[in-house]
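S.K.: What follows is the file query.txt, containing compact mmCIF, C-alpha atoms:
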# COMPACT_ATOMS: atom_id res chain seq x y z
CA MET F 218 120.77 111.09 86.66
CA LEU F 219 117.27 109.65 86.80
CA ASN F 220 114.60 111.41 88.77
CA ILE F 221 112.23 108.97 90.45
CA LYS F 222 109.18 109.88 92.48
CA VAL F 223 107.19 107.45 94.60
CA LEU F 224 103.70 108.84 95.15
CA GLY F 225 101.89 107.73 98.26
CA SER F 226 100.92 108.80 101.72
CA GLY F 227 102.52 106.14 103.83
CA CYS F 228 100.46 102.98 103.71
CA SER F 229 102.29 99.68 103.51
CA ASN F 230 102.06 99.41 99.71
CA CYS F 231 103.64 102.80 99.21
CA GLN F 232 106.47 102.00 101.59
CA ARG F 233 107.04 98.66 99.86
CA LEU F 234 107.26 100.36 96.51
CA GLU F 235 109.83 102.83 97.76
CA ALA F 236 111.97 100.07 99.25
CA GLN F 237 111.69 98.03 96.09
CA VAL F 238 112.67 100.94 93.85
CA LYS F 239 115.72 101.64 96.01
CA LYS F 240 116.68 97.97 95.81
CA VAL F 241 116.37 97.78 92.04
CA VAL F 242 118.21 101.04 91.50
CA ALA F 243 121.08 99.81 93.68
CA ALA F 244 121.12 96.43 91.94
CA GLN F 245 121.29 98.08 88.53
CA GLY F 246 124.02 100.41 89.70
CA LEU F 247 122.17 103.40 88.32
CA GLY F 248 122.45 106.93 89.55
CA ALA F 249 119.01 108.04 90.59
CA GLN F 250 117.39 110.60 92.82
CA ILE F 251 114.49 108.92 94.62
CA GLU F 252 111.86 111.13 96.17
CA LYS F 253 108.81 110.15 98.23
CA VAL F 254 105.84 112.43 97.70
CA THR F 255 103.22 112.32 100.44
CA ASP F 256 101.36 115.59 100.00
CA TYR F 257 98.08 115.03 98.17
CA GLY F 258 98.22 118.37 96.41
CA GLU F 259 101.50 117.26 94.83
CA ILE F 260 100.33 113.71 94.20
CA MET F 261 97.19 114.84 92.39
CA LYS F 262 99.33 116.82 89.94
CA TYR F 263 100.06 113.48 88.33
CA ALA F 264 96.33 112.86 88.08
CA ILE F 265 96.34 109.33 89.43
CA LEU F 266 93.29 107.65 90.89
CA ALA F 267 95.02 105.16 93.13
CA THR F 268 98.26 105.14 95.09
CA PRO F 269 101.01 104.04 95.12
CA GLY F 270 102.26 105.74 91.98
CA LEU F 271 105.64 105.55 90.30
CA VAL F 272 106.97 108.44 88.24
CA ILE F 273 110.27 108.16 86.35
CA ASP F 274 111.69 111.32 84.80
CA GLY F 275 108.29 112.96 84.90
CA LYS F 276 106.44 110.08 83.27
CA LEU F 277 103.83 108.12 85.24
CA VAL F 278 104.59 104.44 84.67
CA ALA F 279 102.45 102.70 87.26
CA ALA F 280 99.53 103.56 89.51
CA GLY F 281 97.46 101.69 92.03
CA ARG F 282 99.73 98.67 92.41
CA VAL F 283 103.22 97.61 93.40
CA PRO F 284 104.98 96.44 90.22
CA ASN F 285 107.53 93.66 90.45
CA ASP F 286 111.30 94.09 90.23
CA LYS F 287 111.49 93.10 86.58
CA GLU F 288 109.02 95.75 85.52
CA ILE F 289 110.78 98.44 87.53
CA ALA F 290 114.14 97.47 86.07
CA GLY F 291 112.63 97.58 82.59
CA TRP F 292 111.31 101.10 83.04
CA LEU F 293 114.57 102.31 84.55
CA LEU F 294 116.55 100.98 81.61
CA GLN F 295 114.10 102.53 79.17
CA ALA F 296 114.39 105.90 80.85
CA GLY F 297 118.15 105.66 81.18
CA GLY F 298 118.44 104.67 77.53
CA SER F 299 116.55 107.63 76.18
CA ALA F 300 118.15 110.22 78.47
CA MET U 526 97.73 115.22 80.13
CA ALA U 527 97.19 112.61 77.42
CA ILE U 528 96.37 109.09 78.52
CA GLN U 529 99.23 106.82 77.64
CA THR U 530 98.35 103.38 76.35
CA THR U 531 100.88 100.60 76.48
CA THR U 532 100.53 97.36 74.59
CA THR U 533 103.10 94.60 74.82
CA PRO U 534 103.97 93.05 71.45
CA ARG U 535 102.06 89.81 70.97
CA ARG U 536 104.20 86.68 70.70
CA GLY U 537 101.62 84.19 69.56
CA TRP U 538 100.04 81.64 71.85
CA ARG U 539 102.64 78.93 71.23
CA ALA U 540 105.32 81.00 72.94
CA ASP U 541 103.03 81.31 75.96
CA LEU U 542 102.47 77.57 76.39
CA PRO U 543 104.97 77.18 79.24
CA VAL U 544 102.97 79.71 81.28
CA TYR U 545 99.70 77.89 80.68
CA GLY U 546 101.35 74.55 81.38
CA LYS U 547 102.69 75.77 84.69
CA LEU U 548 99.29 77.17 85.58
CA ALA U 549 97.59 73.85 84.82
CA GLY U 550 100.15 72.00 86.92
CA ILE U 551 99.61 74.30 89.88
CA ALA U 552 95.84 73.98 89.56
CA LEU U 553 96.14 70.19 89.68
CA LEU U 554 98.32 70.28 92.78
CA TRP U 555 95.87 72.66 94.41
CA TRP U 556 92.97 70.35 93.71
CA ALA U 557 94.83 67.33 95.03
CA ALA U 558 95.79 69.13 98.24
CA TYR U 559 92.26 70.41 98.78
CA SER U 560 90.75 66.96 98.37
CA VAL U 561 92.88 65.34 101.03
CA LEU U 562 92.53 68.06 103.65
CA LEU U 563 89.82 66.47 105.75
CA PRO U 564 91.19 62.92 105.90
CA VAL U 565 94.75 64.13 106.48
CA SER U 566 93.78 66.50 109.28
CA GLN U 567 91.74 63.77 110.97
CA TRP U 568 94.56 61.26 110.61
CA LEU U 569 97.12 63.72 112.01
CA THR U 570 94.96 64.56 115.00
CA TYR U 571 93.64 61.15 115.97
CA SER U 572 96.31 58.73 114.77
CA VAL U 573 99.59 60.58 114.71
CA LEU U 574 99.02 62.77 117.72
CA GLY U 575 96.84 60.19 119.36
CA LEU U 576 94.27 62.60 120.72
CA PRO U 577 90.99 61.01 121.81
CA ARG U 578 87.98 61.69 119.63
CA GLY U 579 85.39 64.00 121.12
CA SER U 580 87.87 65.49 123.57
CA GLN U 581 88.23 69.26 123.77
CA LEU U 582 91.85 69.24 122.66
CA GLY U 583 91.07 66.74 119.91
CA GLU U 584 88.24 68.87 118.56
CA SER U 585 90.35 72.02 118.64
CA MET U 586 93.30 70.39 116.95
CA ALA U 587 91.25 68.78 114.18
CA PHE U 588 89.53 72.11 113.53
CA PHE U 589 92.86 73.92 113.40
CA LEU U 590 94.67 71.40 111.21
CA TYR U 591 91.77 71.26 108.79
CA ASP U 592 90.90 74.93 108.54
CA VAL U 593 94.34 76.54 108.34
CA PRO U 594 95.45 74.82 105.12
CA LYS U 595 91.90 74.96 103.78
CA ILE U 596 91.62 78.72 104.22
CA LEU U 597 95.12 79.31 102.86
CA LEU U 598 94.38 77.18 99.81
CA LEU U 599 91.05 78.91 99.23
CA LEU U 600 92.63 82.30 99.60
CA SER U 601 95.38 81.49 97.11
CA GLY U 602 93.02 80.02 94.56
CA MET U 603 90.29 82.60 94.74
CA ILE U 604 92.52 85.63 95.04
CA PHE U 605 94.17 84.39 91.87
CA LEU U 606 90.83 84.18 90.04
CA ILE U 607 89.70 87.53 91.40
CA GLY U 608 93.08 88.93 90.40
CA ILE U 609 92.42 87.91 86.81
CA VAL U 610 88.99 89.57 86.88
CA ARG U 611 90.57 92.69 88.31
CA THR U 612 93.00 93.01 85.43
CA PHE U 613 89.94 93.90 83.38
CA PHE U 614 89.06 96.79 85.68
CA SER U 615 90.86 99.85 86.87
CA PRO U 616 89.81 102.97 88.80
CA GLU U 617 90.03 104.92 85.54
CA ARG U 618 87.66 102.53 83.81
CA THR U 619 85.27 102.59 86.75
CA ARG U 620 85.30 106.36 86.70
CA ALA U 621 84.48 106.35 82.99
CA LEU U 622 81.67 103.85 83.55
CA LEU U 623 80.17 105.92 86.34
CA GLY U 624 80.39 109.29 84.60
CA GLY U 625 77.03 110.73 83.74
CA LYS U 626 74.98 108.18 85.67
CA ARG U 627 72.50 109.76 87.99
CA GLN U 628 71.73 108.84 91.57
CA GLY U 629 70.05 105.51 92.04
CA ILE U 630 71.47 103.66 89.06
CA GLY U 631 74.82 105.26 89.73
CA ASN U 632 74.80 104.05 93.32
CA VAL U 633 74.01 100.49 92.32
CA LEU U 634 76.70 100.45 89.65
CA ALA U 635 79.22 102.12 91.96
CA ALA U 636 78.65 99.56 94.69
CA MET U 637 79.07 96.65 92.27
CA LEU U 638 82.18 98.18 90.76
CA GLY U 639 83.52 98.62 94.28
CA ILE U 640 83.79 94.86 94.49
CA VAL U 641 85.80 94.33 91.32
CA THR U 642 87.92 97.44 91.13
CA PRO U 643 91.33 97.02 92.73
CA PHE U 644 91.42 99.28 95.74
CA CYS U 645 93.63 99.77 98.76
CA SER U 646 92.44 102.09 101.50
CA CYS U 647 95.26 104.55 101.02
CA SER U 648 93.89 105.10 97.53
CA ALA U 649 90.71 106.45 99.07
CA VAL U 650 91.85 110.04 98.74
CA PRO U 651 93.10 110.15 95.14
CA LEU U 652 90.14 108.08 94.10
CA PHE U 653 87.66 110.29 95.90
CA ILE U 654 89.18 113.41 94.40
CA GLY U 655 89.33 111.88 90.92
CA PHE U 656 85.71 110.71 90.98
CA VAL U 657 84.28 113.88 92.44
CA GLU U 658 86.33 116.07 90.10
CA SER U 659 85.00 114.32 87.03
CA GLY U 660 81.44 115.03 88.01
CA ILE U 661 80.42 111.80 89.68
CA PRO U 662 77.87 112.72 92.37
CA LEU U 663 79.06 112.63 96.00
CA GLY U 664 76.57 109.94 96.97
CA VAL U 665 77.63 107.67 94.12
CA THR U 666 81.29 108.09 95.07
CA PHE U 667 80.41 107.12 98.62
CA SER U 668 78.62 103.99 97.47
CA PHE U 669 81.87 102.94 95.88
CA LEU U 670 83.95 103.86 98.92
CA ILE U 671 81.69 101.91 101.25
CA ALA U 672 81.38 98.79 99.13
CA ALA U 673 85.08 98.43 98.37
CA PRO U 674 86.45 97.80 101.88
CA ILE U 675 83.45 95.87 103.23
CA ILE U 676 83.09 93.49 100.31
CA ASN U 677 86.72 92.65 100.62
CA GLU U 678 87.79 89.50 98.83
CA VAL U 679 89.61 88.04 101.82
CA ALA U 680 86.48 88.45 103.96
CA VAL U 681 84.23 86.82 101.39
CA ILE U 682 86.61 83.95 100.72
CA MET U 683 86.99 83.19 104.41
CA LEU U 684 83.25 83.36 105.00
CA TYR U 685 82.78 80.91 102.17
CA GLY U 686 85.53 78.66 103.48
CA LEU U 687 84.25 78.58 107.03
CA PHE U 688 80.50 78.91 106.63
CA GLY U 689 79.59 77.98 103.09
CA TRP U 690 78.38 79.89 100.08
CA ARG U 691 75.06 80.99 101.57
CA VAL U 692 76.66 83.11 104.27
CA ALA U 693 79.20 84.47 101.81
CA ALA U 694 76.46 85.41 99.34
CA LEU U 695 74.43 86.97 102.13
CA TYR U 696 77.41 89.04 103.16
CA ILE U 697 77.99 90.30 99.62
CA GLY U 698 74.31 91.09 99.17
CA THR U 699 74.09 92.95 102.43
CA GLY U 700 77.29 94.85 101.77
CA LEU U 701 75.87 95.99 98.44
CA VAL U 702 72.57 97.05 99.93
CA ILE U 703 74.31 98.98 102.69
CA ALA U 704 76.63 100.70 100.22
CA ILE U 705 73.80 101.63 97.87
CA PHE U 706 71.47 102.80 100.61
CA ALA U 707 74.10 104.80 102.50
CA GLY U 708 75.32 106.38 99.27
CA ILE U 709 71.82 107.45 98.28
CA VAL U 710 71.10 108.89 101.72
CA ILE U 711 74.37 110.81 101.81
CA GLY U 712 73.64 112.08 98.32
CA ARG U 713 70.22 113.34 99.42
CA PHE U 714 71.68 115.52 102.14
CA HIS U 715 73.71 117.47 99.57
CA LEU U 716 76.81 117.63 101.70
CA GLU U 717 79.15 118.94 99.02
CA ARG U 718 80.04 121.91 101.20
CA TYR U 719 81.61 119.53 103.71
CA VAL U 720 84.24 118.39 101.28
CA GLU U 721 87.53 120.20 101.79
CA ASP U 722 87.72 123.21 99.51
CA PHE U 723 90.98 122.36 97.79
CA VAL U 724 89.36 119.31 96.21
CA TRP U 725 87.06 121.46 94.10
CA GLN U 726 89.98 123.54 92.91
CA LEU U 727 92.06 120.71 91.52
CA GLN U 728 92.12 119.95 87.85
CA MET U 729 90.59 116.77 86.58
CA GLY U 730 93.20 114.19 85.83
CA ALA U 731 93.38 111.62 83.09
CA GLY U 732 94.37 108.90 85.49
CA GLY U 733 97.11 106.33 85.34
CA PRO U 734 98.46 104.69 82.21
CA GLN U 735 95.89 102.60 80.37
CA GLU U 736 97.11 99.12 79.73
CA ASN U 737 96.21 96.36 77.32
CA LEU U 738 97.45 93.19 78.92
CA THR U 739 98.19 89.86 77.34
CA TRP U 740 96.95 86.73 79.07
CA PRO U 741 100.36 85.73 80.42
CA GLU U 742 100.62 89.25 81.84
CA ARG U 743 97.22 88.91 83.47
CA ILE U 744 98.30 85.60 84.97
CA GLY U 745 101.47 87.26 86.22
CA ARG U 746 99.55 90.11 87.83
CA ALA U 747 97.11 87.75 89.48
CA SER U 748 99.99 85.63 90.83
CA ASP U 749 101.66 88.74 92.18
CA SER U 750 98.52 89.70 93.98
CA VAL U 751 98.22 86.23 95.52
CA LYS U 752 101.77 86.48 96.82
CA GLU U 753 101.15 89.96 98.11
CA ILE U 754 97.83 89.36 99.87
CA VAL U 755 98.49 85.88 101.24
CA GLY U 756 101.94 87.07 102.23
CA LYS U 757 100.32 89.80 104.28
CA VAL U 758 97.47 87.91 105.93
CA TRP U 759 98.72 84.41 106.66
CA PRO U 760 99.83 85.16 110.24
CA TYR U 761 96.39 86.61 110.98
CA VAL U 762 94.70 83.58 109.44
CA ILE U 763 96.71 81.23 111.65
CA ILE U 764 96.16 83.22 114.82
CA GLY U 765 92.50 83.81 114.05
CA ILE U 766 91.84 80.14 113.36
CA ALA U 767 93.81 79.14 116.45
CA VAL U 768 91.59 81.35 118.63
CA GLY U 769 88.55 80.03 116.79
CA ALA U 770 89.75 76.47 117.35
CA VAL U 771 90.12 77.04 121.06
CA ILE U 772 86.64 78.55 121.29
CA HIS U 773 85.31 75.67 119.21
CA GLY U 774 86.84 73.01 121.41
CA PHE U 775 86.78 74.48 124.85
CA VAL U 776 83.89 76.90 125.24
CA PRO U 777 80.61 75.14 126.08
CA GLU U 778 77.76 75.33 123.57
CA SER U 779 75.38 78.25 124.00
CA ALA U 780 77.70 79.96 126.45
CA LEU U 781 77.21 83.21 124.57
CA ALA U 782 73.53 82.91 123.80
CA ASN U 783 72.65 85.17 126.70
CA ILE U 784 74.72 88.14 125.71
CA MET U 785 75.02 87.73 121.97
CA GLY U 786 71.99 85.68 121.07
CA LYS U 787 68.76 86.79 119.51
CA GLN U 788 67.06 87.53 122.80
CA ALA U 789 69.41 90.34 123.75
CA TRP U 790 67.93 93.13 121.62
CA TRP U 791 70.74 95.48 122.45
CA SER U 792 73.39 93.08 121.21
CA VAL U 793 73.24 94.35 117.62
CA PRO U 794 73.88 98.03 118.29
CA ALA U 795 76.40 97.08 120.97
CA ALA U 796 78.25 94.85 118.54
CA VAL U 797 78.38 97.61 115.94
CA LEU U 798 79.52 100.23 118.43
CA LEU U 799 82.20 97.84 119.60
CA GLY U 800 83.28 97.13 116.05
CA ILE U 801 83.70 100.71 114.88
CA PRO U 802 86.83 101.62 116.83
CA LEU U 803 88.32 98.18 116.36
CA TYR U 804 90.44 97.72 113.32
CA SER U 805 91.44 94.37 112.06
CA ASN U 806 91.76 92.91 108.68
CA ALA U 807 89.12 90.41 107.74
CA ALA U 808 91.46 87.45 108.01
CA GLY U 809 91.89 87.76 111.73
CA VAL U 810 88.37 88.52 112.78
CA ILE U 811 86.32 86.02 110.80
CA PRO U 812 87.40 82.77 112.42
CA ILE U 813 86.76 84.29 115.81
CA VAL U 814 83.35 85.51 114.69
CA GLY U 815 82.63 82.03 113.39
CA ALA U 816 83.47 80.32 116.61
CA LEU U 817 81.33 82.85 118.48
CA ILE U 818 78.36 82.02 116.26
CA GLU U 819 78.81 78.38 117.01
CA LYS U 820 78.60 79.10 120.69
CA GLY U 821 75.29 80.86 120.51
CA ALA U 822 75.89 84.33 119.13
CA SER U 823 73.27 84.96 116.49
CA LEU U 824 74.29 85.39 112.86
CA GLY U 825 72.97 88.93 112.62
CA THR U 826 74.92 90.18 115.60
CA ALA U 827 78.12 88.47 114.50
CA LEU U 828 77.95 89.74 110.92
CA ALA U 829 77.08 93.22 112.10
CA PHE U 830 80.14 93.17 114.32
CA MET U 831 82.30 92.01 111.45
CA MET U 832 81.05 94.64 109.03
CA ALA U 833 81.61 97.35 111.62
CA VAL U 834 85.18 96.19 112.20
CA VAL U 835 86.04 95.82 108.53
CA GLY U 836 83.96 98.59 106.99
CA LEU U 837 84.47 101.46 109.39
CA SER U 838 88.10 101.63 110.27
CA LEU U 839 89.92 104.33 112.15
CA PRO U 840 92.88 104.41 109.74
CA GLU U 841 90.55 104.94 106.80
CA MET U 842 88.74 107.77 108.61
CA ILE U 843 92.06 109.43 109.35
CA ILE U 844 93.00 109.22 105.69
CA LEU U 845 89.63 110.54 104.55
CA ARG U 846 90.00 113.49 106.93
CA ARG U 847 92.36 114.96 104.36
CA VAL U 848 89.51 115.50 101.96
CA LEU U 849 86.38 115.45 104.10
CA LYS U 850 85.43 117.88 106.82
CA PRO U 851 84.53 116.33 110.20
CA GLN U 852 80.79 116.82 109.68
CA LEU U 853 80.83 114.70 106.55
CA ILE U 854 82.93 112.03 108.20
CA ALA U 855 80.45 111.94 111.07
CA VAL U 856 77.53 111.58 108.67
CA PHE U 857 79.40 108.87 106.80
CA ILE U 858 80.07 106.85 109.95
CA GLY U 859 76.56 107.43 111.25
CA VAL U 860 74.73 106.36 108.11
CA VAL U 861 76.86 103.27 107.57
CA ALA U 862 76.58 102.28 111.25
CA LEU U 863 72.79 102.61 111.13
CA ALA U 864 72.63 100.57 107.94
CA ILE U 865 74.72 97.83 109.54
CA ILE U 866 72.60 97.81 112.68
CA PHE U 867 69.45 97.56 110.61
CA THR U 868 70.93 94.65 108.68
CA GLY U 869 71.91 92.91 111.90
CA TYR U 870 68.34 93.07 113.17
CA LEU U 871 67.04 91.89 109.84
CA PHE U 872 69.20 88.79 109.93
CA ASN U 873 68.32 88.02 113.50
CA LEU U 874 64.65 88.17 112.57
CA VAL U 875 64.90 86.24 109.36
CA MET U 876 67.54 83.59 110.07
Render the structure in this file as structure tokens.
M.R.:
Amino acid sequence: MLNIKVLGSGCSNCQRLEAQVKKVVAAQGLGAQIEKVTDYGEIMKYAILATPGLVIDGKLVAAGRVPNDKEIAGWLLQAGGSA
Amino acid sequence: MAIQTTTTPRRGWRADLPVYGKLAGIALLWWAAYSVLLPVSQWLTYSVLGLPRGSQLGESMAFFLYDVPKILLLLSGMIFLIGIVRTFFSPERTRALLGGKRQGIGNVLAAMLGIVTPFCSCSAVPLFIGFVESGIPLGVTFSFLIAAPIINEVAVIMLYGLFGWRVAALYIGTGLVIAIFAGIVIGRFHLERYVEDFVWQLQMGAGGPQENLTWPERIGRASDSVKEIVGKVWPYVIIGIAVGAVIHGFVPESALANIMGKQAWWSVPAAVLLGIPLYSNAAGVIPIVGALIEKGASLGTALAFMMAVVGLSLPEMIILRRVLKPQLIAVFIGVVALAIIFTGYLFNLVM
């Protein structure tokens, strides 16, 4: 079961990222726990400089932008493959 | 935490030809569309719709039909180019570039980097924390935070599209000067104690994943950002230009000269004070500002209003409240507002 965290405090980009991740996860039929992290203390633990951030199974894969569906699917498959 | 670097395997430029071909095709179409804008908009207004030349409705319609596609085309094209430039920069890189620079030089560099570093206002907090944590002086960090939202690419592109390159260049120059000056002043006051305490206790972070992008990837990123930004602002562009078109066609010349023209000395501070609580993205406010200028508002007052609306926004202040104590926020707003007012007066005198 993949653990996905969307880091961001609620601006439109962060919300878009969360919606997109949910969409891709559903489309891939993967089991994943998707968590939205809005507290800055928690967010800064991942040491990013720009939100939104995407963390899959503890690894930061994107920061400061909203990646497209293909990229997200790619990372999910990579993470699922090595689990 | 180690910085991860990702590099996509190179395929050789032949495999990438389809991407370049598509890009060239789109560029050609763009150029063709841009060239026919004026004649087509005139033809649509005066021949197809049959509106009389010189009439108020005719003027408004021609303005609208010309400027909407023009601005949208300009936005698409230039955001794409800026998007490519931005793939060469990242907040992490900016932070590395700024590390160790002292006040003065640091402020100038920070302000310039604020233009090219990708930045969305919700990133203000992580970015602020990350910069300050790695030893970048408070004033230098502020220069970056002031320049980034004001010298916003949509604002500059629309100014260029509606008023020409001189006004756009002026806007960029003034934005830089304001950011540098305000950053230096804030630095001089040594306001570190007004940053929320938890910021100083956090560990310095390595930042996001470092990426080495191939050219097709850069093109892809830039295209994504065009879709994202134009997708967000096009309704505002249309509404803004529609209001501007109405003002252009229906409001008599010089109607506003009394209250917004050069003679009214209080118009600059009033415009700035009015602009601070207002929040709009650049796309919506510029066409209106442009039409106002046409009707007698002086350039200095109008630009000051615009900078106050775009540069000092309530949502951004609310976000920054998480890391800045109220005193520092007040100083921030005050210094930037004064800088904008000063600039407004300067333009009114000089232009």
S.K.: Find the spatial neighbours of Gly275 of chain F, counting all atoms listed in the file, within a cut-off of 8 Å - ignore same-chain residues fewer than 3 positions away - and output them as a list in words.
M.R.: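 Listing them by chain and then by number gives Asn220, Ile221 and Val272 of chain F.
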S.K.: Got time to write the residues from that selection, C-alpha atoms, as a CSV table (one decimal), keeping the file's coordinate frame?
M.R.:
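Ended up saving to part.csv:
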chain,number,residue,atom,x,y,z
F,220,ASN,CA,114.6,111.4,88.8
F,221,ILE,CA,112.2,109.0,90.4
F,272,VAL,CA,107.0,108.4,88.2
S.K.: Enumerate as a ChimeraX atom specification the residues belonging to chain F that approach chain U to within 10 Å, with all atoms listed in the file taken into account.
M.R.: /F:225-231,257-258,260-271,276-285
S.K.: List the neighbours of Glu235 of chain F out to 9 Å using only C-alpha atoms; skip same-chain residues closer than 3 positions along the sequence, and give me the result as a tab-separated table (two decimals) with C-alpha atoms, keeping the file's coordinate frame.
M.R.:
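Output contents, as saved in result-v5.tsv:
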chain	number	residue	atom	x	y	z
F	222	LYS	CA	109.18	109.88	92.48
F	223	VAL	CA	107.19	107.45	94.60
F	224	LEU	CA	103.70	108.84	95.15
F	230	ASN	CA	102.06	99.41	99.71
F	231	CYS	CA	103.64	102.80	99.21
F	232	GLN	CA	106.47	102.00	101.59
F	238	VAL	CA	112.67	100.94	93.85
F	239	LYS	CA	115.72	101.64	96.01
F	240	LYS	CA	116.68	97.97	95.81
F	251	ILE	CA	114.49	108.92	94.62
F	252	GLU	CA	111.86	111.13	96.17
F	253	LYS	CA	108.81	110.15	98.23
F	271	LEU	CA	105.64	105.55	90.30
S.K.: Hey, can you check how far atom CA of Glu819 of chain U sits from atom CA of Ser585 of chain U?
M.R.: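 Pair atom CA of Glu819 of chain U / atom CA of Ser585 of chain U returns 13.3 Å.
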S.K.: Need the neighbours of (82.8, 114.1, 96.0): which residues are at most 10 Å away, counting all atoms listed in the file, as a PyMOL selection string?
M.R.: chain U and resi 652-667+712+716-721+724-725+848-849
S.K.: I'd like the box whose edges run along x, y and z of the file and which contains every listed atom of segment 230-244 of chain F, padded by 4 Å per side; could you state its centre and edge lengths in Å, one decimal, as lines of an AutoDock Vina configuration file?
M.R.:
center_x = 111.6
center_y = 99.6
center_z = 96.5
size_x = 27.1
size_y = 14.4
size_z = 18.1
S.K.: For atom CA of Tyr559 of chain U and atom CA of Leu598 of chain U, quote the distance in Å rounded to one decimal.
M.R.: 7.2 Å
S.K.: Go through segment 600-673 of chain U residue by residue and, counting only C-alpha atoms, keep those with an atom at most 10 Å from segment 678-692 of chain U; for each kept residue give the shortest atom pair and its distance in Å to one decimal, ordered by chain and increasing number, as JSON lines.
M.R.:
{"residue": "U:Leu600", "atom": "CA", "partner": "U:Ile682", "partner_atom": "CA", "distance": 6.3}
{"residue": "U:Ser601", "atom": "CA", "partner": "U:Ile682", "partner_atom": "CA", "distance": 9.8}
{"residue": "U:Gly602", "atom": "CA", "partner": "U:Ile682", "partner_atom": "CA", "distance": 9.7}
{"residue": "U:Met603", "atom": "CA", "partner": "U:Ile682", "partner_atom": "CA", "distance": 7.2}
{"residue": "U:Ile604", "atom": "CA", "partner": "U:Glu678", "partner_atom": "CA", "distance": 7.2}
{"residue": "U:Ile607", "atom": "CA", "partner": "U:Glu678", "partner_atom": "CA", "distance": 7.9}
{"residue": "U:Gly608", "atom": "CA", "partner": "U:Glu678", "partner_atom": "CA", "distance": 10.0}
{"residue": "U:Ile640", "atom": "CA", "partner": "U:Glu678", "partner_atom": "CA", "distance": 8.0}
{"residue": "U:Val641", "atom": "CA", "partner": "U:Glu678", "partner_atom": "CA", "distance": 9.1}
{"residue": "U:Ala673", "atom": "CA", "partner": "U:Glu678", "partner_atom": "CA", "distance": 9.3}
S.K.: Work out how far atom CA of Phe589 of chain U is from atom CA of Pro577 of chain U, in Å to one decimal.
M.R.: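 Computed distance, atom CA of Pro577 of chain U to atom CA of Phe589 of chain U, equals 15.5 Å.
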S.K.: Missing atoms in segment 737-748 of chain U need filling: write out N, CA and C atoms for it as a short mmCIF file (atom, residue, chain, number, x, y, z; two decimals), in the frame of the given file.
M.R.:
data_model
loop_
_atom_site.label_atom_id
_atom_site.label_comp_id
_atom_site.auth_asym_id
_atom_site.auth_seq_id
_atom_site.Cartn_x
_atom_site.Cartn_y
_atom_site.Cartn_z
N ASN U 737 96.83 97.53 77.96
CA ASN U 737 96.21 96.36 77.32
C ASN U 737 97.09 95.18 77.66
N LEU U 738 96.59 94.28 78.45
CA LEU U 738 97.45 93.19 78.92
C LEU U 738 97.24 91.93 78.12
N THR U 739 98.33 91.18 77.94
CA THR U 739 98.19 89.86 77.34
C THR U 739 97.81 88.89 78.45
N TRP U 740 97.35 87.70 78.04
CA TRP U 740 96.95 86.73 79.07
C TRP U 740 98.08 86.32 79.99
N PRO U 741 99.27 86.03 79.48
CA PRO U 741 100.36 85.73 80.42
C PRO U 741 100.62 86.88 81.39
N GLU U 742 100.44 88.13 80.93
CA GLU U 742 100.62 89.25 81.84
C GLU U 742 99.53 89.26 82.90
N ARG U 743 98.30 88.94 82.49
CA ARG U 743 97.22 88.91 83.47
C ARG U 743 97.50 87.85 84.52
N ILE U 744 97.99 86.68 84.05
CA ILE U 744 98.30 85.60 84.97
C ILE U 744 99.40 86.05 85.93
N GLY U 745 100.38 86.76 85.37
CA GLY U 745 101.47 87.26 86.22
C GLY U 745 100.96 88.23 87.27
N ARG U 746 100.08 89.15 86.86
CA ARG U 746 99.55 90.11 87.83
C ARG U 746 98.77 89.41 88.91
N ALA U 747 97.93 88.45 88.49
CA ALA U 747 97.11 87.75 89.48
C ALA U 747 98.01 86.97 90.45
N SER U 748 99.07 86.34 89.93
CA SER U 748 99.99 85.63 90.83
C SER U 748 100.67 86.58 91.79
#
